[in-house]
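Participant: Sending over a structure as structure tokens; questions will come in a sec.
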Amino acid sequence: MSTKPEDIFKNIVSHCKEYGYIFQSSEIYDGLSAVYDYAQNGAELKKNIREYWWKAMVQLNENIVGIDAAIFMHPTTWKASGHVDAFNDPLIDNKDSKKRYRADVLIEDFVAKIEDKILKEIEKAAKRFENFDETVYRSTNARVIEYQTKINDINLRFKTALNDNNLNEIRQLIIDCEIVCPISGTKNWTDVRQFNLMFSTAIGSVSDEANTIYLRPETAQGIFVNYLNVQKTGRMKLPFGIAQTGKAFRNEIVARQFIFRMREFEQMEMQFFVKPGTEMQWYEHWKNNRLKWHLSLELGKHNYKFHDHIKLAHYANAACDIEFQFPFGFKELEGIHSRTDFDLKQHEQHSGKKLQFFDVEENRSYVPYVVETSVGLDRLFLSILSAAYKEEKLEGGDSRIVLSLPPALAPIKVAVFPLVKKDGLPELAEKIITELKYNFNVSYDEKDTVGKRYRRQDAIGTPFCVTVDHQSLQDNTVTVRNRDTMNQERMPISNLLAYFEEKVSLKSLLKQL
RNA sequence: GCGGAAGUAGCUCAAUUGGUAGAGCUCCAGCCUUCCAAGCUGGAGGUUGCGGGUUCGAGACCCGUCUUCCGCUCCA
């Protein structure tokens with residue numbers, strides 16, 4: 001087992017498979033690229049993370065409610081959000097420089113270059129002639145006319161090709177224009193390919209273009225389209241938030257790094273609706289609040305940092321990421337964006353419905369501003385797992401692999417062992433299991449030496465092991481072994497429930513917030 | 001998507017020039033009865049990712065394909 005930093009990530013990925021956390025999707029059919037399944041332990045951990053987030057957002061904040069909107073949404077939703085137009089780019093690669101370009105941008109840049117030439121001609125002419133009339137010049141100068149004709153031809157072909165979705169024609173246009181790659185200077189182009197970031201499918205049993213719907217690329221729009229419904233039926237007043245967890249789907253060009261970037265993934269988002277003008281104050285509030293939530297997991301303060309966006313998306317007036325130090329470097333974990341009133345206004349326009357809030361104090365209606373917190377559940381899962389994964393060297397040359405998961409998030413909270421498989425010890429252990437199983441996920445193991453059983457539980461991150469020995473039969477006490485310290489403590493069986501309740505429940509995490 | 005590398009048991013890896021697919025760990029059934037892995041016996045587990053080709057013979061060589069890793073590229 002190597003401890004070189006570049007190997008740690010590989011080891012974590014293997015560990016995930018070997019101990020039932022994450023399997024590749026459809027593995028028996030050679031797998032499906034960038035799609036993964038959560039296994040028996042992974043599903044528990046993921047569920048616990050989701051629950052912690054949900055309680056921190058919804059249960060602890062009186063003015064935040066949660067919804068569960070459908071993955072299928074009316075197609076117009078994605079026109080309004082900008083996903084249909086903004087993310088359907090025809091792409092082309094130069095085979096020599098290996099650089100990728102948007103085919104439409106290459107053509108537009110080429111057209112812009114010709115237009116520059118026309119402008120230069122006009123500039124020169126304007127200096128030469130008095131009483132210069134640009135319109136006349138444009139319609140009479142042979143060179144300008146030639147340029148303009150070329151532009152018109154290109155634009156016509158380009159427009160037709162786009163409308164017909166004729167990717168071959170777009171490529172031919174690039175070749176005919178003799179457009180070269182600015183890096184390699186060659187015209188050695190691949191085919192033009194369309195990358196649709198959204199997955200589409202057909203609703204209804206008869207396939208028909210009009211029935212195309214998309215699998216949502218983000219959960220946020222499910223919140224925006226329900227803004228008014230929730231505000232009215234929940235009698236919500238600004239500022240208030242709507243939270244949601246759920247699957248989203250993106251047809252990534254390159255999806256890699258295990259579960260960090262998957263085609264199907266789960267988001268945990270909260271859209272916080274505020275009075276315009278107060279958004280920066282709430283933006284700061286949620287930045288701090290969300291970082292505090294992450295730090296409560298005690299995975300190391302040094303593993304987190306803010307990354308402010310300098311280049312903002314079209315809908316935002318402030319944005320930052322909370323980044324986490326993954327084994328492959330600092331990467332985005334959660335985004336906090338001040339989205340202005342962009343989304344609600346877009347939906348107002350496309351739906352024709354007013355999505356406003358009546359402010360009693362000001363006696364007027366307005367479209368609220370939105371501050372968004374959006375965290376990837378799968379990335380959060382990976383961050384927790386990779387921080388928890390430890391290859392320890394113990395005294396005496398021993399080593400062990402332990403997942404030091406936050407106890408409240410561990411898939412199994414307590415394992416119960418009979419020290420030996422006889423003398424009535426298994427029976428007493430089973431009795432303890434029965435007492436604990438209504439409160440916690442518990443596990444029983446009687447196979448192999450007790451030391452081996454401890455290691456097995458360490459590997460899946462079980463925070464506590466209870467061992468029943470011969471003394472237990474006499475005085476009803478057992479030993480409780482701590483995963484991280486490996487220390488043992490003897491206590492009465494009757495104390496176990498309260499002891500574990502304090503150590504492994506979400507309550508202790510929530511109280512830190 | 002491009003370039004490079006890889007794919008053999010659940011895991012980690014062997015298999016000389018192309019010549020009978022193996023080990024350790026894990027797992028299962030027992031033995032032992034032990035508070036921190038690696039004691040003993042037995043057992044299960046493989047069309048060598050998949051498909052084709054060359055060959056008397058392919059885990060190895062060739063072609064295709066799928067998946068993974070690294071770099072580039074893209075990223076709401």
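Residues are referred to by chain and number: the chain letter is A, B, ... according to the order shown in the structure tokens, the number counts from 1 in that chain, and ligands are numbered separately from 1 in the order shown.
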Region 12-14 of chain B: which residues within 10 Å, counting only C-alpha atoms (C1' of nucleotides), same-chain residues fewer than 4 positions away excluded, as a PyMOL selection string?

Facilitator: (chain A and resi 1) or (chain B and resi 8+22-25)

Participant: Neighbouring residues of Ala125 (chain A) were defined as those with any atom within 12 Å, considering only C-alpha atoms (C1' of nucleotides); residues of the same chain fewer than 4 positions away were excluded. Please report them as an NGL selection string.

Facilitator: :A and (118-121 or 129-134 or 136-138 or 141 or 143-144)

Participant: Could you save those same residues with N, CA and C atoms as a short mmCIF file (atom, residue, chain, number, x, y, z; two decimals), in the first residue's frame?

Facilitator:
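Output saved as result00.cif:
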```cif
data_model
loop_
_atom_site.label_atom_id
_atom_site.label_comp_id
_atom_site.auth_asym_id
_atom_site.auth_seq_id
_atom_site.Cartn_x
_atom_site.Cartn_y
_atom_site.Cartn_z
N ILE A 118 -13.36 46.19 -44.31
CA ILE A 118 -14.27 47.18 -44.89
C ILE A 118 -14.12 48.52 -44.14
N LEU A 119 -14.10 48.43 -42.82
CA LEU A 119 -14.00 49.65 -42.02
C LEU A 119 -12.70 50.39 -42.33
N LYS A 120 -11.63 49.61 -42.53
CA LYS A 120 -10.36 50.25 -42.83
C LYS A 120 -10.42 50.98 -44.18
N GLU A 121 -11.06 50.31 -45.16
CA GLU A 121 -11.23 50.96 -46.47
C GLU A 121 -12.00 52.26 -46.31
N PHE A 129 -11.34 61.77 -49.28
CA PHE A 129 -12.35 62.58 -49.95
C PHE A 129 -13.00 63.55 -48.97
N GLU A 130 -13.26 64.74 -49.45
CA GLU A 130 -14.12 65.64 -48.69
C GLU A 130 -15.55 65.28 -49.02
N ASN A 131 -16.46 65.67 -48.14
CA ASN A 131 -17.88 65.36 -48.33
C ASN A 131 -18.07 63.85 -48.50
N PHE A 132 -17.37 63.08 -47.68
CA PHE A 132 -17.42 61.62 -47.81
C PHE A 132 -18.79 61.11 -47.38
N ASP A 133 -19.41 60.34 -48.23
CA ASP A 133 -20.70 59.71 -47.90
C ASP A 133 -20.49 58.20 -47.79
N GLU A 134 -20.57 57.71 -46.59
CA GLU A 134 -20.26 56.30 -46.35
C GLU A 134 -21.21 55.37 -47.10
N VAL A 136 -22.88 55.86 -49.83
CA VAL A 136 -22.59 55.83 -51.26
C VAL A 136 -21.33 55.02 -51.52
N TYR A 137 -20.30 55.26 -50.67
CA TYR A 137 -19.03 54.57 -50.83
C TYR A 137 -19.21 53.05 -50.75
N ARG A 138 -20.00 52.65 -49.72
CA ARG A 138 -20.26 51.22 -49.53
C ARG A 138 -20.93 50.58 -50.75
N ASN A 141 -17.90 51.33 -54.08
CA ASN A 141 -16.50 50.87 -54.13
C ASN A 141 -16.42 49.37 -54.39
N ARG A 143 -14.06 47.13 -54.08
CA ARG A 143 -13.45 46.25 -53.08
C ARG A 143 -14.41 46.02 -51.90
N VAL A 144 -15.05 47.11 -51.49
CA VAL A 144 -16.00 47.00 -50.38
C VAL A 144 -17.16 46.09 -50.77
#
```

Participant: Compile the residues of chain B that lie within 10 Å of chain A, evaluated using only C-alpha atoms (C1' of nucleotides), and express the compilation as number ranges by chain.

Facilitator: B: 1-3, 10-12, 26, 33-38, 49-50, 66-69, 72-76

Participant: Please compute the CA of Trp293 (chain A)-CA of Phe272 (chain A) distance, one decimal, in Å.

Facilitator: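 The value is 16.8 Å.
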
Participant: Between CA of Phe330 (chain A) and CA of Tyr304 (chain A), what is the distance, to one decimal in Å?

Facilitator: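 Separation between CA of Phe330 (chain A) and CA of Tyr304 (chain A): 8.1 Å.
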
Participant: Do a neighbour search on G42 (chain B) at 12 Å with only C-alpha atoms (C1' of nucleotides), toss out local chain neighbours closer than 6 positions, and write the hits as an MDAnalysis selection string.

Facilitator: chainID B and resid 28:31

Participant: Could you give me, as a ChimeraX atom specification, each residue of region 294-509 of chain A that DSSP assigns to alpha helix (DSSP H) when run on this structure's backbone?

Facilitator: /A:294-295,342-351,377-388,425-436,450-460,470-475,496-504,506-509

Participant: Hey, what's within 10 Å of Phe440 (chain A) if we count only C-alpha atoms (C1' of nucleotides) and toss same-chain stuff fewer than 6 positions away? As a ChimeraX atom specification, please?

Facilitator: /A:411-414,433,497,500-501,504-505

Participant: Need to verify the contact set: region 155-158 of chain A, 9 Å, only C-alpha atoms (C1' of nucleotides), exclusion of same-chain residues closer than 2 positions in sequence. Can you return it as a VMD selection string?

Facilitator: chain A and resid 104 107 to 108 111 150 to 153 160 to 163 169 to 170 173

Participant: Take the residues just selected and output them with C-alpha atoms as a tab-separated table (two decimals), in the first residue's frame.

Facilitator:
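What ended up in result-v3.tsv:
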```
chain	number	residue	atom	x	y	z
A	104	ASP	CA	-19.80	29.25	-34.87
A	107	ILE	CA	-16.96	31.69	-38.52
A	108	GLU	CA	-18.14	34.80	-36.68
A	111	VAL	CA	-16.70	37.51	-40.70
A	150	LYS	CA	-18.47	37.59	-49.26
A	151	ILE	CA	-19.87	38.36	-45.82
A	152	ASN	CA	-23.43	38.02	-47.06
A	153	ASP	CA	-22.65	34.71	-48.70
A	160	THR	CA	-29.02	27.97	-43.41
A	161	ALA	CA	-26.64	25.38	-42.00
A	162	LEU	CA	-27.56	26.29	-38.45
A	163	ASN	CA	-31.27	26.14	-39.19
A	169	GLU	CA	-22.05	22.27	-44.11
A	170	ILE	CA	-20.63	24.25	-41.18
A	173	LEU	CA	-17.90	26.60	-44.70
```

Participant: Using only C-alpha atoms, can you tell me which of A:Ser386, A:Thr278, A:Thr140, A:Ser508 comes closest to Ser338 (chain A)?

Facilitator: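 Ranking A:Ser386, A:Thr278, A:Thr140, A:Ser508 by distance to Ser338 (chain A), first place goes to A:Thr278.
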
Participant: Excluding Met57 (chain A) and its own-chain neighbours fewer than 5 positions away, which residues fall within 12 Å of it when counting only C-alpha atoms (C1' of nucleotides)? Please give them as an MDAnalysis selection string.

Facilitator: chainID A and resid 50:52 62:66 240:245 268:272 286 289:290 293 373:374 510 513

Participant: Can you pull out every residue within 8 Å of U48 (chain B), counting only C-alpha atoms (C1' of nucleotides), but drop anything in the same chain fewer than 2 positions away, and send it as a list in words?

Facilitator: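 Once the nearby chain positions are removed, what remains is U8, A21, G46 and G59 of chain B.
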
Participant: Take the selection from the previous step and output its residues with C-alpha atoms (C1' of nucleotides), as a PDB file, in the first residue's frame.

Facilitator:
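Now in again_28.pdb:
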```pdb
ATOM      1  C1'   U B   8      -5.426 -11.485 -15.912  1.00  0.00           C
ATOM      2  C1'   A B  21      -3.500 -19.521 -16.321  1.00  0.00           C
ATOM      3  C1'   G B  46     -11.369 -17.117 -14.603  1.00  0.00           C
ATOM      4  C1'   G B  59      -2.975 -13.709 -21.568  1.00  0.00           C
TER       5        G B  59
END
```
